[in-house]
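Coordinates as given in run-v6.pdb (PDB, C-alpha atoms, pLDDT in the B column):
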ATOM      1  CA  MET A   1       0.000   0.000   0.000  1.00 86.00           C
ATOM      2  CA  LYS A   2       1.371   3.381  -0.933  1.00 93.00           C
ATOM      3  CA  PRO A   3       1.093   6.149   1.680  1.00 98.00           C
ATOM      4  CA  PRO A   4      -0.706   8.277   2.495  1.00 98.00           C
ATOM      5  CA  TYR A   5      -3.544   6.112   3.779  1.00 98.00           C
ATOM      6  CA  PHE A   6      -5.149   5.712   7.201  1.00 98.00           C
ATOM      7  CA  ALA A   7      -4.882   3.295  10.114  1.00 98.00           C
ATOM      8  CA  VAL A   8      -7.186   2.609  13.047  1.00 98.00           C
ATOM      9  CA  ILE A   9      -5.179   1.223  15.969  1.00 98.00           C
ATOM     10  CA  PHE A  10      -7.540  -0.574  18.348  1.00 98.00           C
ATOM     11  CA  THR A  11      -5.925  -1.803  21.591  1.00 98.00           C
ATOM     12  CA  SER A  12      -8.006  -3.607  24.187  1.00 97.00           C
ATOM     13  CA  ILE A  13      -8.015  -5.572  27.408  1.00 97.00           C
ATOM     14  CA  LEU A  14     -10.772  -8.160  27.739  1.00 96.00           C
ATOM     15  CA  THR A  15     -12.963  -8.947  30.751  1.00 96.00           C
ATOM     16  CA  GLU A  16     -13.383 -12.551  31.893  1.00 94.00           C
ATOM     17  CA  GLU A  17     -16.729 -12.663  30.112  1.00 92.00           C
ATOM     18  CA  THR A  18     -15.423 -14.006  26.788  1.00 88.00           C
ATOM     19  CA  GLN A  19     -18.507 -15.867  25.567  1.00 91.00           C
ATOM     20  CA  ASN A  20     -19.120 -15.209  21.857  1.00 94.00           C
ATOM     21  CA  TYR A  21     -16.251 -12.733  21.710  1.00 95.00           C
ATOM     22  CA  ASN A  22     -14.183 -14.634  19.149  1.00 94.00           C
ATOM     23  CA  GLU A  23     -17.203 -15.303  16.948  1.00 96.00           C
ATOM     24  CA  MET A  24     -18.096 -11.605  16.979  1.00 96.00           C
ATOM     25  CA  ALA A  25     -14.503 -10.522  16.315  1.00 95.00           C
ATOM     26  CA  MET A  26     -14.338 -12.856  13.308  1.00 96.00           C
ATOM     27  CA  GLU A  27     -17.712 -11.668  12.033  1.00 97.00           C
ATOM     28  CA  MET A  28     -16.627  -8.020  12.329  1.00 97.00           C
ATOM     29  CA  GLU A  29     -13.395  -8.737  10.465  1.00 97.00           C
ATOM     30  CA  ARG A  30     -15.348 -10.481   7.713  1.00 97.00           C
ATOM     31  CA  LEU A  31     -17.693  -7.493   7.484  1.00 98.00           C
ATOM     32  CA  ALA A  32     -14.913  -4.854   7.639  1.00 98.00           C
ATOM     33  CA  ARG A  33     -13.132  -6.520   4.726  1.00 97.00           C
ATOM     34  CA  LYS A  34     -16.228  -5.914   2.595  1.00 97.00           C
ATOM     35  CA  GLN A  35     -16.465  -2.190   3.323  1.00 98.00           C
ATOM     36  CA  GLU A  36     -15.650   0.461   0.764  1.00 97.00           C
ATOM     37  CA  GLY A  37     -12.170   1.857   1.346  1.00 98.00           C
ATOM     38  CA  PHE A  38     -10.938  -1.119   3.388  1.00 98.00           C
ATOM     39  CA  LEU A  39      -7.316  -2.019   2.662  1.00 98.00           C
ATOM     40  CA  GLU A  40      -6.030  -4.525   5.238  1.00 98.00           C
ATOM     41  CA  MET A  41      -6.344  -5.748   8.816  1.00 97.00           C
ATOM     42  CA  GLU A  42      -3.720  -7.169  11.204  1.00 97.00           C
ATOM     43  CA  THR A  43      -4.306  -8.517  14.685  1.00 96.00           C
ATOM     44  CA  ALA A  44      -2.430 -10.118  17.592  1.00 97.00           C
ATOM     45  CA  ARG A  45      -3.321 -10.728  21.228  1.00 94.00           C
ATOM     46  CA  ASN A  46      -1.400 -11.603  24.406  1.00 92.00           C
ATOM     47  CA  ASP A  47      -2.161  -9.604  27.544  1.00 89.00           C
ATOM     48  CA  ILE A  48      -3.455  -6.870  25.337  1.00 96.00           C
ATOM     49  CA  GLY A  49      -5.050  -7.214  21.951  1.00 97.00           C
ATOM     50  CA  ILE A  50      -3.938  -5.046  19.060  1.00 98.00           C
ATOM     51  CA  THR A  51      -6.027  -4.839  15.906  1.00 97.00           C
ATOM     52  CA  ILE A  52      -5.029  -2.447  13.164  1.00 98.00           C
ATOM     53  CA  SER A  53      -7.236  -1.820  10.184  1.00 98.00           C
ATOM     54  CA  TYR A  54      -6.047   0.201   7.206  1.00 98.00           C
ATOM     55  CA  TRP A  55      -8.310   2.398   5.092  1.00 98.00           C
ATOM     56  CA  LYS A  56      -8.181   4.606   2.028  1.00 98.00           C
ATOM     57  CA  SER A  57      -9.789   7.616   3.690  1.00 98.00           C
ATOM     58  CA  LEU A  58     -11.107   9.061   6.939  1.00 97.00           C
ATOM     59  CA  SER A  59     -14.614   8.979   5.494  1.00 98.00           C
ATOM     60  CA  SER A  60     -14.426   5.198   4.942  1.00 98.00           C
ATOM     61  CA  ILE A  61     -13.370   4.844   8.618  1.00 98.00           C
ATOM     62  CA  GLU A  62     -16.264   7.036   9.706  1.00 97.00           C
ATOM     63  CA  LYS A  63     -18.732   4.951   7.671  1.00 97.00           C
ATOM     64  CA  TRP A  64     -17.437   1.695   9.145  1.00 97.00           C
ATOM     65  CA  LYS A  65     -17.713   3.099  12.670  1.00 96.00           C
ATOM     66  CA  LYS A  66     -21.398   3.839  12.019  1.00 96.00           C
ATOM     67  CA  ASN A  67     -22.189   0.565  10.209  1.00 97.00           C
ATOM     68  CA  PHE A  68     -25.274  -0.857  11.925  1.00 97.00           C
ATOM     69  CA  ALA A  69     -23.921  -4.336  12.755  1.00 97.00           C
ATOM     70  CA  HIS A  70     -20.614  -2.833  13.855  1.00 96.00           C
ATOM     71  CA  ALA A  71     -22.347  -0.298  16.111  1.00 97.00           C
ATOM     72  CA  LYS A  72     -24.271  -3.144  17.765  1.00 97.00           C
ATOM     73  CA  ALA A  73     -21.013  -5.062  18.265  1.00 96.00           C
ATOM     74  CA  GLN A  74     -19.453  -1.972  19.846  1.00 96.00           C
ATOM     75  CA  GLU A  75     -22.351  -1.762  22.327  1.00 96.00           C
ATOM     76  CA  LEU A  76     -21.994  -5.439  23.254  1.00 96.00           C
ATOM     77  CA  GLY A  77     -18.261  -4.930  23.621  1.00 97.00           C
ATOM     78  CA  LYS A  78     -18.752  -2.161  26.153  1.00 96.00           C
ATOM     79  CA  GLU A  79     -21.398  -4.149  28.030  1.00 96.00           C
ATOM     80  CA  LYS A  80     -19.563  -7.459  28.177  1.00 96.00           C
ATOM     81  CA  TRP A  81     -16.201  -8.072  26.587  1.00 97.00           C
ATOM     82  CA  TYR A  82     -13.937  -5.071  27.094  1.00 97.00           C
ATOM     83  CA  GLN A  83     -12.327  -4.071  30.344  1.00 97.00           C
ATOM     84  CA  SER A  84     -10.900  -1.116  28.446  1.00 97.00           C
ATOM     85  CA  TYR A  85      -9.997  -0.118  24.936  1.00 97.00           C
ATOM     86  CA  ARG A  86      -8.416   2.732  23.033  1.00 98.00           C
ATOM     87  CA  VAL A  87      -8.914   3.787  19.438  1.00 98.00           C
ATOM     88  CA  ARG A  88      -6.338   5.870  17.603  1.00 98.00           C
ATOM     89  CA  ILE A  89      -6.994   7.297  14.132  1.00 98.00           C
ATOM     90  CA  CYS A  90      -3.731   7.733  12.251  1.00 98.00           C
ATOM     91  CA  LYS A  91      -2.443   8.917   8.921  1.00 98.00           C
ATOM     92  CA  VAL A  92       0.221   6.559   7.570  1.00 98.00           C
ATOM     93  CA  GLU A  93       2.850   8.868   6.126  1.00 98.00           C
ATOM     94  CA  LYS A  94       5.658   6.466   5.225  1.00 98.00           C
ATOM     95  CA  GLU A  95       6.276   2.750   5.057  1.00 97.00           C
ATOM     96  CA  TYR A  96       9.070   0.358   4.189  1.00 97.00           C
ATOM     97  CA  ASP A  97       9.541  -3.358   4.499  1.00 97.00           C
ATOM     98  CA  PHE A  98      11.995  -6.229   4.537  1.00 97.00           C
ATOM     99  CA  LYS A  99      11.555  -9.670   3.045  1.00 96.00           C
ATOM    100  CA  ARG A 100      14.070 -12.479   3.282  1.00 91.00           C
TER
ATOM    101  CA  MET B 101      -1.652  11.271  25.303  1.00 86.00           C
ATOM    102  CA  LYS B 102      -3.095  14.168  23.424  1.00 93.00           C
ATOM    103  CA  PRO B 103      -2.862  14.075  19.604  1.00 98.00           C
ATOM    104  CA  PRO B 104      -1.114  14.954  17.460  1.00 98.00           C
ATOM    105  CA  TYR B 105       1.802  12.643  18.176  1.00 98.00           C
ATOM    106  CA  PHE B 106       3.460   9.862  16.152  1.00 98.00           C
ATOM    107  CA  ALA B 107       3.296   6.078  16.009  1.00 98.00           C
ATOM    108  CA  VAL B 108       5.653   3.507  14.539  1.00 98.00           C
ATOM    109  CA  ILE B 109       3.738   0.350  13.633  1.00 98.00           C
ATOM    110  CA  PHE B 110       6.185  -2.549  13.363  1.00 98.00           C
ATOM    111  CA  THR B 111       4.663  -5.830  12.129  1.00 98.00           C
ATOM    112  CA  SER B 112       6.830  -8.897  11.714  1.00 97.00           C
ATOM    113  CA  ILE B 113       6.942 -12.606  11.019  1.00 97.00           C
ATOM    114  CA  LEU B 114       9.782 -14.501  12.680  1.00 96.00           C
ATOM    115  CA  THR B 115      12.034 -17.198  11.244  1.00 96.00           C
ATOM    116  CA  GLU B 116      12.585 -20.429  13.151  1.00 94.00           C
ATOM    117  CA  GLU B 117      15.906 -19.087  14.391  1.00 92.00           C
ATOM    118  CA  THR B 118      14.594 -17.538  17.626  1.00 88.00           C
ATOM    119  CA  GLN B 119      17.712 -17.778  19.795  1.00 91.00           C
ATOM    120  CA  ASN B 120      18.256 -14.563  21.759  1.00 94.00           C
ATOM    121  CA  TYR B 121      15.310 -12.883  20.050  1.00 95.00           C
ATOM    122  CA  ASN B 122      13.268 -12.326  23.196  1.00 94.00           C
ATOM    123  CA  GLU B 123      16.262 -11.021  25.121  1.00 96.00           C
ATOM    124  CA  MET B 124      17.060  -8.571  22.350  1.00 96.00           C
ATOM    125  CA  ALA B 125      13.419  -7.460  22.045  1.00 95.00           C
ATOM    126  CA  MET B 126      13.280  -6.775  25.779  1.00 96.00           C
ATOM    127  CA  GLU B 127      16.605  -4.929  25.711  1.00 97.00           C
ATOM    128  CA  MET B 128      15.407  -2.758  22.806  1.00 97.00           C
ATOM    129  CA  GLU B 129      12.168  -1.966  24.630  1.00 97.00           C
ATOM    130  CA  ARG B 130      14.138  -0.999  27.747  1.00 98.00           C
ATOM    131  CA  LEU B 131      16.380   1.228  25.652  1.00 98.00           C
ATOM    132  CA  ALA B 132      13.548   2.781  23.615  1.00 98.00           C
ATOM    133  CA  ARG B 133      11.762   3.794  26.811  1.00 97.00           C
ATOM    134  CA  LYS B 134      14.789   5.887  27.757  1.00 97.00           C
ATOM    135  CA  GLN B 135      14.941   7.845  24.488  1.00 98.00           C
ATOM    136  CA  GLU B 136      14.010  11.483  24.251  1.00 97.00           C
ATOM    137  CA  GLY B 137      10.490  11.878  22.874  1.00 98.00           C
ATOM    138  CA  PHE B 138       9.394   8.319  23.739  1.00 98.00           C
ATOM    139  CA  LEU B 139       5.786   8.143  24.915  1.00 98.00           C
ATOM    140  CA  GLU B 140       4.618   4.520  25.079  1.00 98.00           C
ATOM    141  CA  MET B 141       5.012   1.045  23.597  1.00 97.00           C
ATOM    142  CA  GLU B 142       2.492  -1.757  23.100  1.00 97.00           C
ATOM    143  CA  THR B 143       3.146  -5.227  21.756  1.00 97.00           C
ATOM    144  CA  ALA B 144       1.349  -8.505  21.038  1.00 97.00           C
ATOM    145  CA  ARG B 145       2.312 -11.585  19.059  1.00 94.00           C
ATOM    146  CA  ASN B 146       0.470 -14.612  17.628  1.00 91.00           C
ATOM    147  CA  ASP B 147       1.202 -15.596  14.028  1.00 89.00           C
ATOM    148  CA  ILE B 148       2.393 -12.085  13.427  1.00 96.00           C
ATOM    149  CA  GLY B 149       3.947  -9.741  15.930  1.00 97.00           C
ATOM    150  CA  ILE B 150       2.729  -6.170  16.249  1.00 98.00           C
ATOM    151  CA  THR B 151       4.765  -3.634  18.188  1.00 97.00           C
ATOM    152  CA  ILE B 152       3.662  -0.026  18.232  1.00 98.00           C
ATOM    153  CA  SER B 153       5.812   2.684  19.746  1.00 98.00           C
ATOM    154  CA  TYR B 154       4.512   6.212  20.252  1.00 98.00           C
ATOM    155  CA  TRP B 155       6.688   9.312  20.009  1.00 98.00           C
ATOM    156  CA  LYS B 156       6.432  13.064  20.405  1.00 98.00           C
ATOM    157  CA  SER B 157       7.982  13.893  17.037  1.00 98.00           C
ATOM    158  CA  LEU B 158       9.309  12.490  13.771  1.00 97.00           C
ATOM    159  CA  SER B 159      12.802  13.611  14.771  1.00 98.00           C
ATOM    160  CA  SER B 160      12.714  11.478  17.945  1.00 98.00           C
ATOM    161  CA  ILE B 161      11.713   8.486  15.758  1.00 98.00           C
ATOM    162  CA  GLU B 162      14.574   9.248  13.373  1.00 97.00           C
ATOM    163  CA  LYS B 163      17.059   9.428  16.261  1.00 97.00           C
ATOM    164  CA  TRP B 164      15.878   6.122  17.703  1.00 97.00           C
ATOM    165  CA  LYS B 165      16.174   4.452  14.298  1.00 96.00           C
ATOM    166  CA  LYS B 166      19.825   5.541  14.137  1.00 96.00           C
ATOM    167  CA  ASN B 167      20.699   4.718  17.762  1.00 97.00           C
ATOM    168  CA  PHE B 168      23.845   2.581  17.627  1.00 97.00           C
ATOM    169  CA  ALA B 169      22.592  -0.394  19.689  1.00 97.00           C
ATOM    170  CA  HIS B 170      19.274  -0.294  17.873  1.00 96.00           C
ATOM    171  CA  ALA B 171      20.959  -0.232  14.461  1.00 97.00           C
ATOM    172  CA  LYS B 172      22.979  -3.305  15.445  1.00 97.00           C
ATOM    173  CA  ALA B 173      19.790  -5.056  16.589  1.00 96.00           C
ATOM    174  CA  GLN B 174      18.160  -4.225  13.245  1.00 96.00           C
ATOM    175  CA  GLU B 175      21.084  -5.836  11.398  1.00 96.00           C
ATOM    176  CA  LEU B 176      20.859  -8.994  13.518  1.00 96.00           C
ATOM    177  CA  GLY B 177      17.109  -9.040  12.968  1.00 97.00           C
ATOM    178  CA  LYS B 178      17.559  -9.061   9.187  1.00 96.00           C
ATOM    179  CA  GLU B 179      20.293 -11.705   9.396  1.00 96.00           C
ATOM    180  CA  LYS B 180      18.564 -14.082  11.781  1.00 96.00           C
ATOM    181  CA  TRP B 181      15.190 -13.408  13.326  1.00 97.00           C
ATOM    182  CA  TYR B 182      12.839 -11.868  10.789  1.00 97.00           C
ATOM    183  CA  GLN B 183      11.256 -13.660   7.882  1.00 97.00           C
ATOM    184  CA  SER B 184       9.717 -10.313   6.976  1.00 97.00           C
ATOM    185  CA  TYR B 185       8.727  -7.065   8.593  1.00 97.00           C
ATOM    186  CA  ARG B 186       7.026  -3.802   7.748  1.00 98.00           C
ATOM    187  CA  VAL B 187       7.453  -0.407   9.353  1.00 98.00           C
ATOM    188  CA  ARG B 188       4.794   2.274   9.084  1.00 98.00           C
ATOM    189  CA  ILE B 189       5.352   5.813  10.333  1.00 98.00           C
ATOM    190  CA  CYS B 190       2.055   7.417  11.298  1.00 98.00           C
ATOM    191  CA  LYS B 191       0.681  10.642  12.665  1.00 98.00           C
ATOM    192  CA  VAL B 192      -1.924   9.989  15.354  1.00 98.00           C
ATOM    193  CA  GLU B 193      -4.634  12.530  14.630  1.00 98.00           C
ATOM    194  CA  LYS B 194      -7.379  11.517  17.046  1.00 98.00           C
ATOM    195  CA  GLU B 195      -7.896   9.137  19.955  1.00 97.00           C
ATOM    196  CA  TYR B 196     -10.631   8.099  22.351  1.00 97.00           C
ATOM    197  CA  ASP B 197     -10.985   5.384  24.909  1.00 97.00           C
ATOM    198  CA  PHE B 198     -13.352   3.363  27.052  1.00 97.00           C
ATOM    199  CA  LYS B 199     -12.816   2.176  30.606  1.00 96.00           C
ATOM    200  CA  ARG B 200     -15.249   0.050  32.587  1.00 91.00           C
TER
END
structure tokens encoding of this file:
Amino acid sequence: MKPPYFAVIFTSILTEETQNYNEMAMEMERLARKQEGFLEMETARNDIGITISYWKSLSSIEKWKKNFAHAKAQELGKEKWYQSYRVRICKVEKEYDFKR
Amino acid sequence: MKPPYFAVIFTSILTEETQNYNEMAMEMERLARKQEGFLEMETARNDIGITISYWKSLSSIEKWKKNFAHAKAQELGKEKWYQSYRVRICKVEKEYDFKR
């Protein structure tokens, strides 16, 4: 992907109420990948979870935030699954990579 | 942290040669935390590793990249530990959070 584009860094700590969390996370990833302006998603979890989604524009991020199914998932997340989370909206200005 | 500030998103896939990797990663985190302009670091690893460091300015990121011990660690990483990696330099424009 050639900068500039945008990244949403979502970091979270889960509660002990994990029922249906993985199913919902997978469903939201499936749905995000279908949105207009979606570029890529990367995720890893140990003590904290980090999910980064990459988007063509701030308006595509805004639309995804307001997507009906996603908004419902966000509500459930606050009720049940997340002890805490943080969302950071970023502009990716530069990138480089290494491959063996 | 109040935006704007900067984030370095480092995503990587390791080789099977993992000797000394964890020690070096911990040493680099310890060292990064002492650099001028360092704000925070978050990391998680499953299939891929994601490490995000947050900085006050692009110049503090540039200085850390060129730090002697860090530059040596980067060389070793390319020789031994990383199958591939990607570095993205980002400007954090907005953030919000949730706490239970």
Checklist entry - Which residues, written as a list in words, have at least one atom at most 8 Å from A:Arg45, with all atoms listed in the file counted and residues fewer than 2 positions away on the same chain left out? => result Thr43, Asp47, Ile48, Gly49 and Ile50 of chain A; Ala144, Arg145 and Asn146 of chain B
Checklist entry - Could you write out as a PyMOL selection string the residues of chain A within 10 Å of chain B, counting all atoms listed in the file? => result chain A and resi 3-13+15+42-52+78-80+82-100
Determine, for each residue of stretch 150-173 of chain B having at least one atom at most 8 Å from an atom of stretch 120-135 of chain B, the closest pair of atoms and their separation in Å to one decimal, counting all atoms listed in the file; order by chain and ascending number, as JSON lines.
{"residue": "B:Ser160", "atom": "CA", "partner": "B:Gln135", "partner_atom": "CA", "distance": 7.8}
{"residue": "B:Trp164", "atom": "CA", "partner": "B:Gln135", "partner_atom": "CA", "distance": 7.1}
{"residue": "B:His170", "atom": "CA", "partner": "B:Met128", "partner_atom": "CA", "distance": 6.7}
{"residue": "B:Ala173", "atom": "CA", "partner": "B:Met124", "partner_atom": "CA", "distance": 7.3}
Once chain A is fitted onto chain B by least squares over all its in-order Cα atoms, send the moved chain as a PDB file with C-alpha atoms, in the coordinates of the input.
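Result went into superposed_4.pdb, see below:
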ATOM      1  CA  MET A   1      -1.622  11.258  25.292  1.00 86.00           C
ATOM      2  CA  LYS A   2      -3.107  14.166  23.417  1.00 93.00           C
ATOM      3  CA  PRO A   3      -2.875  14.078  19.609  1.00 98.00           C
ATOM      4  CA  PRO A   4      -1.130  14.948  17.458  1.00 98.00           C
ATOM      5  CA  TYR A   5       1.790  12.634  18.175  1.00 98.00           C
ATOM      6  CA  PHE A   6       3.455   9.871  16.166  1.00 98.00           C
ATOM      7  CA  ALA A   7       3.302   6.082  16.022  1.00 98.00           C
ATOM      8  CA  VAL A   8       5.668   3.513  14.543  1.00 98.00           C
ATOM      9  CA  ILE A   9       3.745   0.352  13.648  1.00 98.00           C
ATOM     10  CA  PHE A  10       6.193  -2.545  13.366  1.00 98.00           C
ATOM     11  CA  THR A  11       4.662  -5.828  12.134  1.00 98.00           C
ATOM     12  CA  SER A  12       6.833  -8.899  11.716  1.00 97.00           C
ATOM     13  CA  ILE A  13       6.947 -12.607  11.026  1.00 97.00           C
ATOM     14  CA  LEU A  14       9.785 -14.496  12.695  1.00 96.00           C
ATOM     15  CA  THR A  15      12.041 -17.195  11.240  1.00 96.00           C
ATOM     16  CA  GLU A  16      12.585 -20.438  13.153  1.00 94.00           C
ATOM     17  CA  GLU A  17      15.907 -19.085  14.384  1.00 92.00           C
ATOM     18  CA  THR A  18      14.595 -17.548  17.620  1.00 88.00           C
ATOM     19  CA  GLN A  19      17.716 -17.787  19.781  1.00 91.00           C
ATOM     20  CA  ASN A  20      18.256 -14.569  21.762  1.00 94.00           C
ATOM     21  CA  TYR A  21      15.312 -12.895  20.055  1.00 95.00           C
ATOM     22  CA  ASN A  22      13.266 -12.322  23.206  1.00 94.00           C
ATOM     23  CA  GLU A  23      16.273 -11.038  25.136  1.00 96.00           C
ATOM     24  CA  MET A  24      17.054  -8.566  22.352  1.00 96.00           C
ATOM     25  CA  ALA A  25      13.421  -7.459  22.036  1.00 95.00           C
ATOM     26  CA  MET A  26      13.284  -6.785  25.784  1.00 96.00           C
ATOM     27  CA  GLU A  27      16.602  -4.940  25.708  1.00 97.00           C
ATOM     28  CA  MET A  28      15.412  -2.758  22.810  1.00 97.00           C
ATOM     29  CA  GLU A  29      12.177  -1.949  24.630  1.00 97.00           C
ATOM     30  CA  ARG A  30      14.142  -1.006  27.741  1.00 97.00           C
ATOM     31  CA  LEU A  31      16.393   1.231  25.641  1.00 98.00           C
ATOM     32  CA  ALA A  32      13.537   2.792  23.610  1.00 98.00           C
ATOM     33  CA  ARG A  33      11.766   3.792  26.818  1.00 97.00           C
ATOM     34  CA  LYS A  34      14.811   5.877  27.751  1.00 97.00           C
ATOM     35  CA  GLN A  35      14.947   7.829  24.491  1.00 98.00           C
ATOM     36  CA  GLU A  36      14.016  11.477  24.238  1.00 97.00           C
ATOM     37  CA  GLY A  37      10.504  11.869  22.856  1.00 98.00           C
ATOM     38  CA  PHE A  38       9.392   8.326  23.721  1.00 98.00           C
ATOM     39  CA  LEU A  39       5.788   8.154  24.922  1.00 98.00           C
ATOM     40  CA  GLU A  40       4.615   4.525  25.083  1.00 98.00           C
ATOM     41  CA  MET A  41       5.017   1.056  23.598  1.00 97.00           C
ATOM     42  CA  GLU A  42       2.471  -1.749  23.094  1.00 97.00           C
ATOM     43  CA  THR A  43       3.147  -5.221  21.764  1.00 96.00           C
ATOM     44  CA  ALA A  44       1.361  -8.510  21.037  1.00 97.00           C
ATOM     45  CA  ARG A  45       2.322 -11.595  19.050  1.00 94.00           C
ATOM     46  CA  ASN A  46       0.474 -14.602  17.603  1.00 92.00           C
ATOM     47  CA  ASP A  47       1.219 -15.579  14.010  1.00 89.00           C
ATOM     48  CA  ILE A  48       2.399 -12.073  13.433  1.00 96.00           C
ATOM     49  CA  GLY A  49       3.955  -9.734  15.931  1.00 97.00           C
ATOM     50  CA  ILE A  50       2.737  -6.170  16.263  1.00 98.00           C
ATOM     51  CA  THR A  51       4.774  -3.621  18.190  1.00 97.00           C
ATOM     52  CA  ILE A  52       3.665  -0.015  18.254  1.00 98.00           C
ATOM     53  CA  SER A  53       5.810   2.688  19.750  1.00 98.00           C
ATOM     54  CA  TYR A  54       4.518   6.216  20.251  1.00 98.00           C
ATOM     55  CA  TRP A  55       6.684   9.325  20.000  1.00 98.00           C
ATOM     56  CA  LYS A  56       6.445  13.074  20.406  1.00 98.00           C
ATOM     57  CA  SER A  57       7.985  13.896  17.035  1.00 98.00           C
ATOM     58  CA  LEU A  58       9.306  12.484  13.773  1.00 97.00           C
ATOM     59  CA  SER A  59      12.793  13.612  14.754  1.00 98.00           C
ATOM     60  CA  SER A  60      12.710  11.493  17.939  1.00 98.00           C
ATOM     61  CA  ILE A  61      11.718   8.489  15.760  1.00 98.00           C
ATOM     62  CA  GLU A  62      14.560   9.232  13.365  1.00 97.00           C
ATOM     63  CA  LYS A  63      17.060   9.430  16.244  1.00 97.00           C
ATOM     64  CA  TRP A  64      15.885   6.120  17.699  1.00 97.00           C
ATOM     65  CA  LYS A  65      16.169   4.443  14.296  1.00 96.00           C
ATOM     66  CA  LYS A  66      19.820   5.534  14.133  1.00 96.00           C
ATOM     67  CA  ASN A  67      20.683   4.720  17.768  1.00 97.00           C
ATOM     68  CA  PHE A  68      23.834   2.589  17.640  1.00 97.00           C
ATOM     69  CA  ALA A  69      22.598  -0.392  19.691  1.00 97.00           C
ATOM     70  CA  HIS A  70      19.263  -0.309  17.880  1.00 96.00           C
ATOM     71  CA  ALA A  71      20.951  -0.242  14.465  1.00 97.00           C
ATOM     72  CA  LYS A  72      22.983  -3.314  15.453  1.00 97.00           C
ATOM     73  CA  ALA A  73      19.792  -5.066  16.588  1.00 96.00           C
ATOM     74  CA  GLN A  74      18.162  -4.227  13.252  1.00 96.00           C
ATOM     75  CA  GLU A  75      21.088  -5.844  11.402  1.00 96.00           C
ATOM     76  CA  LEU A  76      20.855  -8.999  13.523  1.00 96.00           C
ATOM     77  CA  GLY A  77      17.114  -9.047  12.947  1.00 97.00           C
ATOM     78  CA  LYS A  78      17.558  -9.067   9.189  1.00 96.00           C
ATOM     79  CA  GLU A  79      20.289 -11.710   9.380  1.00 96.00           C
ATOM     80  CA  LYS A  80      18.556 -14.085  11.768  1.00 96.00           C
ATOM     81  CA  TRP A  81      15.192 -13.414  13.329  1.00 97.00           C
ATOM     82  CA  TYR A  82      12.846 -11.857  10.787  1.00 97.00           C
ATOM     83  CA  GLN A  83      11.253 -13.657   7.892  1.00 97.00           C
ATOM     84  CA  SER A  84       9.711 -10.317   6.980  1.00 97.00           C
ATOM     85  CA  TYR A  85       8.729  -7.067   8.594  1.00 97.00           C
ATOM     86  CA  ARG A  86       7.036  -3.797   7.765  1.00 98.00           C
ATOM     87  CA  VAL A  87       7.451  -0.403   9.375  1.00 98.00           C
ATOM     88  CA  ARG A  88       4.787   2.274   9.084  1.00 98.00           C
ATOM     89  CA  ILE A  89       5.351   5.829  10.333  1.00 98.00           C
ATOM     90  CA  CYS A  90       2.049   7.419  11.307  1.00 98.00           C
ATOM     91  CA  LYS A  91       0.679  10.647  12.667  1.00 98.00           C
ATOM     92  CA  VAL A  92      -1.932   9.997  15.358  1.00 98.00           C
ATOM     93  CA  GLU A  93      -4.649  12.532  14.638  1.00 98.00           C
ATOM     94  CA  LYS A  94      -7.397  11.513  17.063  1.00 98.00           C
ATOM     95  CA  GLU A  95      -7.905   9.138  19.948  1.00 97.00           C
ATOM     96  CA  TYR A  96     -10.638   8.102  22.344  1.00 97.00           C
ATOM     97  CA  ASP A  97     -10.993   5.376  24.907  1.00 97.00           C
ATOM     98  CA  PHE A  98     -13.359   3.356  27.049  1.00 97.00           C
ATOM     99  CA  LYS A  99     -12.837   2.183  30.601  1.00 96.00           C
ATOM    100  CA  ARG A 100     -15.263   0.055  32.565  1.00 91.00           C
TER     101      ARG A 100
END
Next on the checklist: Take the PyMOL selection byres ((chain B and resi 156) around 8), run it mentally on this structure, and tell me the resulting residues as a list in words.
Outcome noted: Tyr105, Phe106, Gly137, Phe138, Leu139, Tyr154, Trp155, Ser157, Leu158 and Ser160 of chain B
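In this structure, atom CA of B:Met141 sits 25.6 Å away from atom CA of A:Thr18.
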Checklist outcome for this item: What separates atom CA of B:Met101 and atom CA of B:Glu136 is a distance of 15.7 Å
Next on the checklist: Just to confirm, what's the straight-line distance from atom CA of A:Leu14 to atom CA of A:Glu62 in Å (one decimal)?
Outcome noted: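 Pair atom CA of A:Leu14 / atom CA of A:Glu62 returns 24.2 Å.
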